[in-house]
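Worksheet: one structure, shown below.
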Amino acid sequence: MSTATLDRPDDRAARAYPAYSRPLWRRVLLTREFAVIALLVAVYSYSYANVPNFDGPLTLYYLFLDIAPILLIALPMTLVIITGEIDLSVASVMGLSSALVGVLHADAGWSLLAAALAAIVVGAVCGAFNGFLVAYVGLPSLAVTIGTLALYRGIAQGLLGTKAITDFPDRWTDLAKERIFGDGSSYPMILIPFVVLLVLFAWLLHFSSFGRGVYEIGLNDEAAHFSGVDVERTKLLLFVLAGAVSAFAGIYFTLRFGSARGDNANGLELQVIAAVLLGGVSIFGGRGALHGVVAGVVLIGVISSAMRLEQQTVNKINIVIGALLVLSVISTTLLGWAQAFLSRRGRGATTSSGPSTNER
Amino acid sequence: MPGTAPEGGAALELRDVAKSFGSVAALRSGSLSVGPGSIHALVGENGAGKSTLVKIVAGVRRRDSGVLRLHGEDVDFGSTAESKAAGVAVIYQEPTLFPDLSVTENIFLGRQPLGRGRRIDRAAMYAEAERLFAGLGVHIDPRRPAQGLSIADQQIIEIAKAISLDASVLIMDEPTAALSGVEVERLFAVARGLRDEGRALVFISHRFDEVFELCDTVTVMRDGEYVSTDAIAETSVPQIVSRMVGREVAELFPKTPAEIGDVVLEVEGLSSLGTFHDVSFSVRAGEIVGLAGLVGAGRSEIARAVFGVDRYDAGAVRLAGTPVPARSPRSAIRAGMAFVPEDRRKQGLVTDASVARNVAAVIRRGLSHAGLLTNRDENRAAGPWAGRLEVKTSALDMHATTMSGGNQQKVVLAKWLATEPRLLIIDEPTRGIDVGTKAEVHRLLSDLAGQGMAILMISSELPEVLGMADRVLVVCEGRITAELPRDEATPEAVMHAATATVHHTAEGISA
């Protein structure tokens, strides 16, 4: 019978608990994140050994150049999806920011830096509009962002019509393609802002009280609200971040191809979401981690890059990536079985008829 | 051996039924024998295996071993559809109806009577529903949508559904937990009527006065095992309680007098359109103030508004003299409030998160080092509080999903006590909790008050309110209709005030 009291707990008398129920290797290895990383390593090693030219210096360089926008936007998207929401308007924000940079720089004569900053601010405002409708008005994010997907894209194309603006200073277009460690290296400059953002988002999601709230909102937003998590403000902030990072990705996209168009990055939102889900984030919210997402994005990049080098068509690449995505969703169930099986064996096994459905 | 139950013609019989989930044995040897025309109580602490037993009979789970007989025939249900077809119906504490369908459509879901051209014969359906309700002696419009029905009415719908399926065995899993006195009476009348029709009823409840009022036989379970079966007339509450816990339970409501200090919480003129009006009261340090009243009187709504979870239209809340901003649980927490809500699974904790994350959920802002919050920080902070409340878990990273209600409540309490609050608001502190843990919670609340914490307690169990509270505020239809000091708080006085404007007797409100 308890004699619980309010005294600050001290070590005496109180029951002590082990921190973890499973050994470290099982906690680390039996996760979706690790499965994605293992798959990435396997596919990469295979391609490196077998695919012609995959080991060339240009492969990795172009791979990073290509996936950079997805890498960037996947960061805030991961947090948005963990709260149980979704943002489908990210590619439209990229298009809008691209058009805006073009118009402000070429037609209005702003410096590129000023135009870029303005585009990022507009991206944040676009995200705030999404976030306001979702968090404060209480509309479903799927519907809201399908609407703003069309809205922002429409504004972008209204700004530029069908024309493209291509006269950007070489200094800036070169910067987008520059390598970090000089000419021979495979790492483009865009990885620097990516790594900075990665550190920021990893801290936000995994090492801050805010991030704990993000997971709680995804698992049970009512309980989160009852424990003092500001659900509305958290969601608003995440949508603002998604908008701002998308705008930044749009600027990179513009400079990399030296072309500002309203239809830039059309359809990229689905690639981002696919990569995030492949990386182990649950579409229902509450589950996922950034290392898995980064591995997921790179995995998709490696597969398309290797298959392109093998002279496969885009259609075949899409089929493979689509199948992989479906498999990754099924793998949650498979992993659950594996864990249940291991823990049964580990604890010396009582016979149980039929799959025990209550274990996750 | 279930000796007193009718041996030959048992409607439902379980013998040595076992069920394990992984390595956890939820049910070791469950036995139960219910005769037709009998209301059989099934009692036991949370985690005793009652729910698992019910799920096996309902076809939700498959047993690992043991005998399950229905009217003398061995059966094995692989799905709820099979058990329904065999004549078993389960009424849960909170029925799950389709809110947008009408009452009648809910009853006949999936087996609507068809008229000409295979079109649904609505007229026949409504007529049948009316006949069912008349048979039960209740008045519910068969055409109204299920949305907005009280839980009591929803249970009646489920019962009507069971009768229309001609169920011979009805299992009611804590049906009265969320009902007011009048509603309980009506449910009992319906149950007695079903018994007299020769159906077998199993009634699961934590409230002994109900068990003794309604049932004729009682089976006790403990730790997944059958303990005893007795005729109600031949047993007593203390006897059953000691069998349930396997030991003598200390006095249930051990409120010890505490020194009453300064005013901690002041609520002034709090109003929210349509829910409560002009509510004013205060709670002092060391004092337990009970909010009593019927279910739906607005007690929880008042508490939620004070804590800032819900909005309010007028009035003010002050903690230790400082105004607390409205509509902000975070400000309330910062001011020193803690709130243990009514619905543990939905509001109290995140069941899919670990014990450590749950316990550290409120205090975690202060746990980070150099801006970093790690699992280790949370574990270190959560462990001692979980231990202090004797949370039963094998490790801090276990999820709360599979825990019993009492254990979950301990996690919620650990989470809030970790904030070291000045005011604890606790809504239904012991709902759905077994007797042993109940006494622990009561002693804890008493200790907390003794150490100078102000406690605002909402409870639908009158003995709990009367036993624990230094002062009882009675809420009726959104207004405080009486303020009774401990020595004037009698069941009659509270009930009188609780039904001040409601013109029917609420005899035998939950106890």
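Residues are named by chain letter and number: chains run A, B, ... in the order of the structure tokens, numbers start at 1 in each chain, and ligands are numbered from 1 in the order shown.
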Next item on the list: Please determine the contact residues of chain B with respect to chain A at a cut-off of 8 Å, counting only C-alpha atoms, and supply them as number ranges by chain.
Entry: B: 20-23, 64, 309, 328-330, 333, 339, 346-350, 352-353, 361-362, 364-365, 368, 371-374, 379, 383-390, 393-398, 417, 420, 436, 440, 443-444, 447-448, 451
Can you spit out the residues from that selection as a CSV table (one decimal), in the first residue's frame, using C-alpha atoms?
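Saved to part16.csv:
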```
chain,number,residue,atom,x,y,z
B,20,SER,CA,-1.8,-14.4,-22.7
B,21,PHE,CA,-0.5,-11.5,-24.7
B,22,GLY,CA,3.1,-12.3,-25.4
B,23,SER,CA,4.5,-13.2,-22.1
B,64,ASP,CA,-5.6,-19.9,-25.5
B,309,VAL,CA,-8.5,24.5,-21.2
B,328,SER,CA,-4.1,29.3,-21.4
B,329,PRO,CA,-3.2,26.1,-19.6
B,330,ARG,CA,0.4,27.1,-19.8
B,333,ILE,CA,0.6,25.8,-14.9
B,339,PHE,CA,-5.2,19.5,-13.5
B,346,LYS,CA,-7.9,11.1,-24.1
B,347,GLN,CA,-6.9,14.0,-21.9
B,348,GLY,CA,-4.7,12.9,-19.1
B,349,LEU,CA,-1.9,11.2,-20.9
B,350,VAL,CA,-0.5,10.4,-24.3
B,352,ASP,CA,1.3,6.0,-27.1
B,353,ALA,CA,4.2,7.8,-25.4
B,361,ALA,CA,5.6,16.2,-20.0
B,362,VAL,CA,4.9,19.3,-18.0
B,364,ARG,CA,10.4,19.1,-19.2
B,365,ARG,CA,10.9,22.8,-20.0
B,368,SER,CA,17.3,20.9,-20.6
B,371,GLY,CA,19.5,24.0,-24.5
B,372,LEU,CA,19.4,20.3,-25.1
B,373,LEU,CA,16.7,18.1,-23.7
B,374,THR,CA,17.6,14.4,-23.8
B,379,ASN,CA,14.3,9.6,-17.3
B,383,GLY,CA,12.0,8.0,-12.5
B,384,PRO,CA,11.7,9.2,-8.9
B,385,TRP,CA,8.2,10.5,-9.3
B,386,ALA,CA,7.0,7.3,-10.9
B,387,GLY,CA,8.6,5.4,-8.0
B,388,ARG,CA,7.0,7.7,-5.5
B,389,LEU,CA,3.6,6.9,-6.8
B,390,GLU,CA,4.4,3.3,-7.3
B,393,THR,CA,6.0,-0.7,-15.2
B,394,SER,CA,9.0,-2.7,-16.1
B,395,ALA,CA,10.9,0.2,-17.6
B,396,LEU,CA,10.5,3.9,-18.1
B,397,ASP,CA,10.2,3.6,-21.9
B,398,MET,CA,7.1,1.3,-21.7
B,417,LEU,CA,2.8,16.3,-8.7
B,420,GLU,CA,4.9,20.8,-7.3
B,436,GLY,CA,-6.8,-1.0,-3.6
B,440,GLU,CA,-4.0,4.8,-2.3
B,443,ARG,CA,-4.6,8.7,1.1
B,444,LEU,CA,-2.4,10.6,-1.3
B,447,ASP,CA,-1.4,13.7,2.5
B,448,LEU,CA,-1.1,16.4,-0.1
B,451,GLN,CA,1.3,19.4,3.3
```
Margin query: Can you pull out every residue from region 33-134 of chain A that DSSP, working from the backbone, puts in helix (DSSP H, G or I), and format the result as an MDAnalysis selection string?
Written below: chainID A and resid 33:50 57:82 90:107 112:134
Next item on the list: From region 66-186 of chain B, collect each residue whose DSSP state is strand (DSSP E) and return the set as a count of residues only.
Entry: 16
Notebook entry, point to check: If you count only C-alpha atoms, which residues fall within 9 Å of Gln154 (chain B), apart from same-chain ones fewer than 3 positions away, as a ChimeraX atom specification?
Noted result: /B:94-97,103,146,149-151,157-159
Check: Can you tell me, as a list in words, what residues are no more than 8 Å from region 205-215 of chain B when counting only C-alpha atoms, ignoring any on the same chain fewer than 3 positions away?
Finding: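 Close residues of region 205-215 of chain B: Ser38, Ile39, His40, Ala41, Leu42, Val43, Gly44, Asp173, Glu174, Pro175, Thr176, Ala177, Phe188, Arg192, Val218, Ile232, Val237, Gly432, Ile433, Asp434, Val435, Ser510 and Ala511 of chain B.
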Check: Pick the closest to Leu132 (chain B) from B:Met495, B:Ala160, B:Ile120, B:Val182: which is it, counting only C-alpha atoms?
Finding: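 For Leu132 (chain B), the nearest of the given residues is B:Ala160.
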Checklist line | Spatial neighbours of Pro76 (chain A), max dist 9 Å, only C-alpha atoms, sep filter under 2 positions, as a PyMOL selection string | finding: chain A and resi 72-74+78-81+201+238-239+241-243+245
Next item on the list: Select, from B:Asn106, B:Asn375, B:Ile425, B:Ile156, the residue with the minimum atom-to-atom distance to Met453 (chain B), counting only C-alpha atoms.
Entry: B:Ile425
Margin query: Residues within 8 Å of Ala81 (chain B), please, as number ranges by chain. Count only C-alpha atoms; anything in the same chain fewer than 3 positions from it doesn't count.
Written below: B: 59, 84-85
Check: When distances are computed from only C-alpha atoms, which of B:Ala335, B:Met468, B:Ala400, B:Val324 shows the smallest separation from Val355 (chain B)?
Finding: B:Ala400
Next item on the list: Please indicate the distance in Å from CA of Asn358 (chain B) to CA of Ser282 (chain A), rounded to one decimal place.
Entry: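 Interatomic distance here is 20.3 Å.
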Next item on the list: Find the residue from B:Gln408, B:Thr401, B:Thr419, B:Ser300 that sits nearest to Arg334 (chain B); use only C-alpha atoms when measuring.
Entry: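 Once distances to Arg334 (chain B) are computed over only C-alpha atoms, the minimum belongs to B:Thr419.
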Checklist line | Test item: residues at most 10 Å from Tyr46 (chain A), only C-alpha atoms, excluding those fewer than 6 positions along its chain, as JSON, numbers by chain | finding: {"A": [40, 54, 306]}
Using the selection just defined, write its residues with C-alpha atoms as an mmCIF file, in the first residue's frame.
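Okay, out-v3.cif is ready:
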```cif
data_model
loop_
_atom_site.group_PDB
_atom_site.id
_atom_site.type_symbol
_atom_site.label_atom_id
_atom_site.label_comp_id
_atom_site.auth_asym_id
_atom_site.auth_seq_id
_atom_site.Cartn_x
_atom_site.Cartn_y
_atom_site.Cartn_z
ATOM 1 C CA LEU A 40 20.601 3.087 -48.463
ATOM 2 C CA PHE A 54 28.429 5.601 -60.586
ATOM 3 C CA ALA A 306 21.899 4.763 -60.512
#
```
Next item on the list: Give me, please, the distance in Å between CA of Ala42 (chain A) and CA of Thr59 (chain A), quoted to one decimal.
Entry: 17.1 Å
Next item on the list: Mind giving me the straight-line distance from CA of Lys415 (chain B) to CA of Ala356 (chain B) in Å, one decimal?
Entry: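 Calculated distance between CA of Lys415 (chain B) and CA of Ala356 (chain B) is 9.2 Å.
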